[in-house]
Amino acid sequence: MKCFIGIDLGSTTTKAVMMDSNGEVLGRGITNSRSNYDTASQVSKLEAVVSTRLELCHRALSKVPEMKDMVGELLAALERNFRLELFLNMLNDLKETCMHNAADVRHAEIGKELANALDEVFERMKKELSLLFGPGVDRKSDFFRDLAGSVYMNQAEDVADQAKLPFDVLINIYDKSIIETENRPPAEDLVETFLRALDRVMDEQVDLPVEQETIRKLVKSALEIELEETYVVGTGYGRVRLPFPKEHIRSEILCHGLGAHLMYPGTRTVLDIGGQDTKGIQVDEKGIVVNFQMNDRCAAGCGRYLGYIADEMNIGLHELGPIAMKATKTIRINSTCTVFAGAELRDRLAMGESRSDILAGLHRAIVLRAISIISRSGGVTSEFTFTGGVAKNEAAVKELKKLVKENYGDVTINIDPDSIYTGALGAAEFARRAVEA
Amino acid sequence: MNATAQTEVIKDSSMLLQKTMIAENYDELTSVQETGKKVSATFVPGNLNELVMCFDMLNNLPEINAINNGMRKKSGMMVMQAEKMGHSEDVCTYVKADIGSMSRGNIAPNGKPMPPPDLLLLSYTGCFTFMKWFELLRHEYGCETAMLHVPYEGDGIVTQNMRDYVVKQIKENLIPTLEKVSGVKFDIDRLRENLRHSAKAEDDFVWVLESAKNKPSPIDAYFGGVYYIGPIFTAFRGTEKAVDYYKALRKEIEQRIAEGKGPITPEGDMKDERYRLVVEGPPNWTNFREFWKMFYEDGAVVVASTYTKVGGVYDLGFRHDPDNPIETLADYCLGCYTNRNLSQRVDMLEKYVNEYQADGLLINSIKSCNSFSAGQLLMMQEVEKRTGKPGAFIETDLVDPRYFSAANVKNRLESYFQMIEQKRQGARSAA
């Protein structure tokens with residue numbers, strides 16, 4: 001079947017959306033952008049293919065009436081086990097890379113001990129991390145680096161302690177190896193991996209309404225549908241680094257405008273807060289951009305600002321919003337500079353203000369900057385759509401709703417759970433139109 | 001970028017001619033110790049070259065020196081030097097490049113030191129920074145200073161009173177000061193002769209600017225325009241050399257039109273004209289070529305710009321008039337682009353978008369230029385409203401390389417071009 005792919009190479013994450021000729025989204029994929037857009041683009045595309053395969057399996061299995069009530073569950077199990085398979089492959093790759101780097105002449109004196117230690121560390125990692133892919137387990141991140149990193153650190157410290165090995169050597173080996181592993185384009189045989197995952201599912205599931213063989217056949221047929229990469233459009237900061245011909249590149253402004261229009265056709269104003277960009281975009285009734293403004297020279301008030309603050313507070317990025325939601329008042333943060341805001345934050349903490357109140361203030365500071373960009377682009381006149389990674393942060397959304405109401409009255413504010421894919425969606429639609437329109 | 005790997009820059013013959021003129025001018029400036037000529041320092045807007053030349057004096061323009069240093073990638077060090085001396089990060093970077101250059105020996109492009117000015121001739125035409133700049137220079141050089149106070153066109157008109165006020169200053173203050181510094185007696189016929197040369201060159205200059213109404217435009221009226229304004233905005237207005245230059249330039253452009261050619265770019269003739277833009281605001285000088293490339297590689301040509309009017313708004317009809325020599329100088333100063341109010345600027349931009357059949361207005365707002373940048377966003381919105389053509393806003397700086405973020409600027413320009421394209425397609429499918 002014909003497939004149209006949009007890839008949004010953002011500063012923090014790279015997203016891909018796969019679409020069919022009717023403009024229906026088949027699958028979505030996301031990965032961290034790393035320092036290598038080429039790999040990030042391949043990985044995100046692969047992720048989109050995986051999600052497309054799952055969608056196609058879903059369609060195939062839904063045709064069996066007896067399966068009706070359990071397709072969702074079965075596919076969730078399939079995806080979970082598929083992820084586990086992928087993860088274990090990657091973990092194995094990481095292990096081999098670590099072993100290779102540990103064999104460097106610099107460590108010649110402790111080479112054998114290092115290899116033993118790494119063996120032990122990875123054995124423990126495999127055990128601990130496999131649990132994350134069990135049924136009903138909530139993973140904090142889907143990125144390999146995030147999952148592997150912290151467990152490695154803990155286990156390596158423990159193992160180094162026991163074996164009387166220098167911990168920093170193990171860290172250095174890891175740092176070097178994770179970059180190599182991450183930047184190696186995945187060489188998976190997806191069908192094989194899916195089928196292995198399906199075997200695991202079959203082992204887990206006991207009371208299937210139909211024969212295992214029927215399911216296997218249907219899944220296999222869905223996996224065998226040829227996905228033809230008819231047209232790819234790239235957008236986002238990394239777009240110029242990819243071997244895309246010029247007509248395959250669209251500005252992210254246009255992609256976000258069109259993507260938001262596809263999600264909510266009534267959209268007239270789009271706010272996108274990404275890693276290093278904040279964009280205020282005005283679109284017409286067809287999703288065509290009529291005006292835009294962006295942050296300039298300085299990325300304060302973007303997603304990275306939150307990342308920086310999270311690091312300062314030694315908490316995870318995803319924890320910021322929930323903590324800020326517990327605020328009982330909003331502390332005013334004046335600085336528009338990320339680094340200075342960090343200083344203000346420490347100052348407020350020292351003065352005894354609560355973390356949640358300060359974080360509420362920081363979220364407000366970000367949104368205030370966004371509101372200024374929106375007003376420069378022409379304000380909010382009608383339906384308003386908020387996109388980008390920061391749209392997932394409930395505290396930012398809360399402040400935005402408040403400020404939009406204060407400045408522009410009651411307007412519809414749309415936030416799609418898949419809003420992070422807005423740019424990639426627009427790009428996929430541009431790809432489709434390039435061929436189908 | 002590797003200098004050796006870079007291909008040779010393609011230039012038209014007028015550009016080469018100008019290069020020689022500028023080199024000769026710098027040679028003249030840096031040899032005043034031998035020739036005994038006196039030097040006046042002044043600014044481009046309100047530049048009274050015809051008058052200064054009546055006293056056998058040379059004109060040195062610190063703004064142009066800053067631009068020169070910017071284009072030769074030397075201004076960054078100078079700006080930082082000035083900051084080291086205590087000038088704030090937000091101060092006009094022309095000023096800081098000049099002051100930084102002074103403290104580093106004030107070396108001209110020919111490698112010789114610039115002479116200290118004998119006179120600081122401040123023609124105040126709307127930019128308050130000029131005043132502060134010369135205050136600093138006066139402190140440094142302790143030389144004679146003359147200030148021509150040109151009233152701002154706050155209401156968008158020039159009254160007889162305003163004109164009389166400027167004329168009176170020229171007669172009673174400027175001319176006597178110039179006589180005193182130079183030791184040369186003022187000769188009004190010499191001034192008339194210079195003004196005659198100016199008017200001739202101005203005719204050809206306007207013809208060149210308006211050639212951009214052709215499709216495709218044979219010139220780029222911003223990046224190329226910077227070359228075309230060179231002689232008439234600087235030390236050559238009122239000279240025969242300038243008359244010859246514009247005659248030659250006009251011929252060159254006539255040839256381009258006849259051959260159906262687009263504008264010259266550093267990589268040769270621009271092939272495919274896809275976007276026609278009007279630009280407001282000065283260019284960035286530190287990354288001039290890189291900036292220009294972002295336009296021509298996408299087929300964007302600037303058909304009219306306001307920057308090419310800062311040294312005189314000739315295309316709206318003004319010509320230096322030998323029959324009213326002092327009054328014409330007053331009118332010239334009063335009508336400078338920098339001396340015009342926001343609504344006059346909006347009117348001009350609207351006219352350009354319409355008359356040059358542009359696809360829209362792009363504003364390059366200058367970070368360190370408060371007097372020019374204030375109000376630009378409102379101007380853009382007003383022009384958009386009046387013309388129905390989309391506008392876009394980018395920000396860079398004059399000669400501070402730290403404020404040119406290539407990825408950012410390119411991102412916006414590409415978005416803008418694609419937005420124009422998308423709008424066209426939308427209009428086509430609606431038709």
# chains A, B, ... in the order shown; residues from 1 in each chain; ligands from 1
$ interface_residues --of "chain B" --to "chain A" --cutoff "8 Å" --atoms "only C-alpha atoms" --output "PyMOL selection string"
chain B and resi 377+390-393+395+403+405+408+411+414-415+418-419+422-423+426
$ write_last_selection --atoms "C-alpha atoms" --output "mmCIF file, in the first residue's frame"
data_model
loop_
_atom_site.group_PDB
_atom_site.id
_atom_site.type_symbol
_atom_site.label_atom_id
_atom_site.label_comp_id
_atom_site.auth_asym_id
_atom_site.auth_seq_id
_atom_site.Cartn_x
_atom_site.Cartn_y
_atom_site.Cartn_z
ATOM 1 C CA LEU B 377 5.985 45.508 13.965
ATOM 2 C CA PRO B 390 1.838 38.810 3.997
ATOM 3 C CA GLY B 391 4.634 40.277 6.061
ATOM 4 C CA ALA B 392 7.443 38.663 8.006
ATOM 5 C CA PHE B 393 9.772 39.793 10.727
ATOM 6 C CA GLU B 395 15.945 40.137 13.679
ATOM 7 C CA TYR B 403 23.537 38.643 16.911
ATOM 8 C CA SER B 405 21.754 33.474 14.228
ATOM 9 C CA ASN B 408 17.029 31.069 13.065
ATOM 10 C CA ASN B 411 14.190 29.077 9.284
ATOM 11 C CA GLU B 414 12.130 29.657 4.403
ATOM 12 C CA SER B 415 8.861 29.629 6.291
ATOM 13 C CA GLN B 418 6.824 28.732 1.622
ATOM 14 C CA MET B 419 3.965 30.667 3.158
ATOM 15 C CA GLN B 422 1.198 28.151 -0.179
ATOM 16 C CA LYS B 423 -0.952 31.272 -0.359
ATOM 17 C CA GLY B 426 -4.484 28.444 -2.229
#
$ select_by_dssp --residues "region 77-188 of chain B" --states "strand (DSSP E)" --output "NGL selection string"
:B and (119-124 or 144-149)
$ atom_distance --atom1 "CA of Ser40 (chain B)" --atom2 "CA of Thr306 (chain B)"
26.6 Å
$ closest_residue --among "B:Glu297, B:Asp315, B:Asp321, B:Asp118" --to "Lys200 (chain B)" --atoms "only C-alpha atoms"
B:Asp321
$ residues_around --residues "region 60-64 of chain B" --least-positions-apart "6" --cutoff "7 Å" --atoms "only C-alpha atoms" --output "tab-separated table (two decimals) with C-alpha atoms, in the first residue's frame"
chain	number	residue	atom	x	y	z
B	39	VAL	CA	38.89	66.01	6.98
B	40	SER	CA	35.30	66.28	8.05
B	41	ALA	CA	33.58	63.34	9.69
B	42	THR	CA	29.86	63.03	9.09
B	43	PHE	CA	27.00	60.54	8.71
B	44	VAL	CA	25.21	59.14	5.69
B	94	TYR	CA	28.15	51.07	14.58
B	98	ASP	CA	33.94	52.87	15.47
$ closest_residue --among "B:Asn364, B:Asn287, B:Asn161, B:Thr145" --to "Asn173 (chain B)" --atoms "only C-alpha atoms"
B:Thr145
$ residues_around --residues "region 222-227 of chain A" --least-positions-apart "4" --cutoff "10 Å" --atoms "only C-alpha atoms" --output "list in words"
Met1, Lys2, Cys3, Phe4, Met18, Asp20, Val49, Val50, Thr52, Arg53, Leu54, Glu55, Leu56, Cys57, His58, Arg59, Ala60, Leu61, Leu190, Val191, Glu192, Phe194, Leu195, Arg216, Lys217 and Leu218 of chain A
$ write_last_selection --atoms "N, CA and C atoms" --output "mmCIF file, in the first residue's frame"
data_model
loop_
_atom_site.group_PDB
_atom_site.id
_atom_site.type_symbol
_atom_site.label_atom_id
_atom_site.label_comp_id
_atom_site.auth_asym_id
_atom_site.auth_seq_id
_atom_site.Cartn_x
_atom_site.Cartn_y
_atom_site.Cartn_z
ATOM 1 N N MET A 1 0.837 -1.202 0.000
ATOM 2 C CA MET A 1 0.000 0.000 0.000
ATOM 3 C C MET A 1 0.869 1.247 0.000
ATOM 4 N N LYS A 2 0.311 2.330 -0.550
ATOM 5 C CA LYS A 2 1.038 3.585 -0.605
ATOM 6 C C LYS A 2 1.099 4.210 0.794
ATOM 7 N N CYS A 3 2.288 4.657 1.186
ATOM 8 C CA CYS A 3 2.421 5.301 2.489
ATOM 9 C C CYS A 3 3.105 6.656 2.323
ATOM 10 N N PHE A 4 2.629 7.609 3.090
ATOM 11 C CA PHE A 4 3.194 8.956 3.043
ATOM 12 C C PHE A 4 3.727 9.273 4.435
ATOM 13 N N MET A 18 2.965 8.273 9.709
ATOM 14 C CA MET A 18 2.738 7.540 8.463
ATOM 15 C C MET A 18 1.256 7.632 8.110
ATOM 16 N N ASP A 20 -1.989 6.976 5.041
ATOM 17 C CA ASP A 20 -2.346 6.279 3.810
ATOM 18 C C ASP A 20 -2.884 7.267 2.773
ATOM 19 N N VAL A 49 6.620 2.777 11.564
ATOM 20 C CA VAL A 49 6.297 1.530 10.849
ATOM 21 C C VAL A 49 5.746 0.505 11.846
ATOM 22 N N VAL A 50 6.388 0.413 13.006
ATOM 23 C CA VAL A 50 5.918 -0.515 14.041
ATOM 24 C C VAL A 50 4.475 -0.199 14.401
ATOM 25 N N THR A 52 2.367 1.390 12.661
ATOM 26 C CA THR A 52 1.517 1.081 11.508
ATOM 27 C C THR A 52 1.197 -0.421 11.452
ATOM 28 N N ARG A 53 2.233 -1.234 11.678
ATOM 29 C CA ARG A 53 2.017 -2.690 11.685
ATOM 30 C C ARG A 53 0.976 -3.075 12.738
ATOM 31 N N LEU A 54 1.093 -2.475 13.893
ATOM 32 C CA LEU A 54 0.136 -2.782 14.961
ATOM 33 C C LEU A 54 -1.277 -2.389 14.535
ATOM 34 N N GLU A 55 -1.366 -1.220 13.876
ATOM 35 C CA GLU A 55 -2.668 -0.761 13.401
ATOM 36 C C GLU A 55 -3.229 -1.754 12.374
ATOM 37 N N LEU A 56 -2.334 -2.225 11.486
ATOM 38 C CA LEU A 56 -2.789 -3.176 10.470
ATOM 39 C C LEU A 56 -3.197 -4.509 11.102
ATOM 40 N N CYS A 57 -2.452 -4.931 12.130
ATOM 41 C CA CYS A 57 -2.835 -6.147 12.871
ATOM 42 C C CYS A 57 -4.204 -5.938 13.516
ATOM 43 N N HIS A 58 -4.374 -4.744 14.053
ATOM 44 C CA HIS A 58 -5.643 -4.406 14.702
ATOM 45 C C HIS A 58 -6.787 -4.554 13.703
ATOM 46 N N ARG A 59 -6.564 -3.984 12.527
ATOM 47 C CA ARG A 59 -7.605 -4.044 11.487
ATOM 48 C C ARG A 59 -7.897 -5.506 11.120
ATOM 49 N N ALA A 60 -6.824 -6.301 10.990
ATOM 50 C CA ALA A 60 -6.993 -7.697 10.567
ATOM 51 C C ALA A 60 -7.738 -8.504 11.635
ATOM 52 N N LEU A 61 -7.308 -8.349 12.882
ATOM 53 C CA LEU A 61 -7.909 -9.136 13.958
ATOM 54 C C LEU A 61 -9.348 -8.710 14.247
ATOM 55 N N LEU A 190 11.781 -6.664 11.266
ATOM 56 C CA LEU A 190 10.582 -6.388 12.058
ATOM 57 C C LEU A 190 9.641 -7.577 12.140
ATOM 58 N N VAL A 191 9.474 -8.227 10.990
ATOM 59 C CA VAL A 191 8.515 -9.333 10.956
ATOM 60 C C VAL A 191 8.937 -10.426 11.935
ATOM 61 N N GLU A 192 10.227 -10.776 11.891
ATOM 62 C CA GLU A 192 10.764 -11.794 12.800
ATOM 63 C C GLU A 192 10.534 -11.399 14.258
ATOM 64 N N PHE A 194 8.395 -9.310 15.477
ATOM 65 C CA PHE A 194 6.961 -9.336 15.796
ATOM 66 C C PHE A 194 6.509 -10.773 16.087
ATOM 67 N N LEU A 195 6.991 -11.698 15.250
ATOM 68 C CA LEU A 195 6.553 -13.085 15.424
ATOM 69 C C LEU A 195 7.086 -13.669 16.728
ATOM 70 N N ARG A 216 -2.186 -16.188 14.546
ATOM 71 C CA ARG A 216 -0.862 -16.110 13.935
ATOM 72 C C ARG A 216 -0.964 -15.809 12.438
ATOM 73 N N LYS A 217 -1.899 -16.443 11.779
ATOM 74 C CA LYS A 217 -2.085 -16.245 10.348
ATOM 75 C C LYS A 217 -2.471 -14.800 10.032
ATOM 76 N N LEU A 218 -3.439 -14.313 10.811
ATOM 77 C CA LEU A 218 -3.916 -12.945 10.579
ATOM 78 C C LEU A 218 -2.802 -11.924 10.823
#
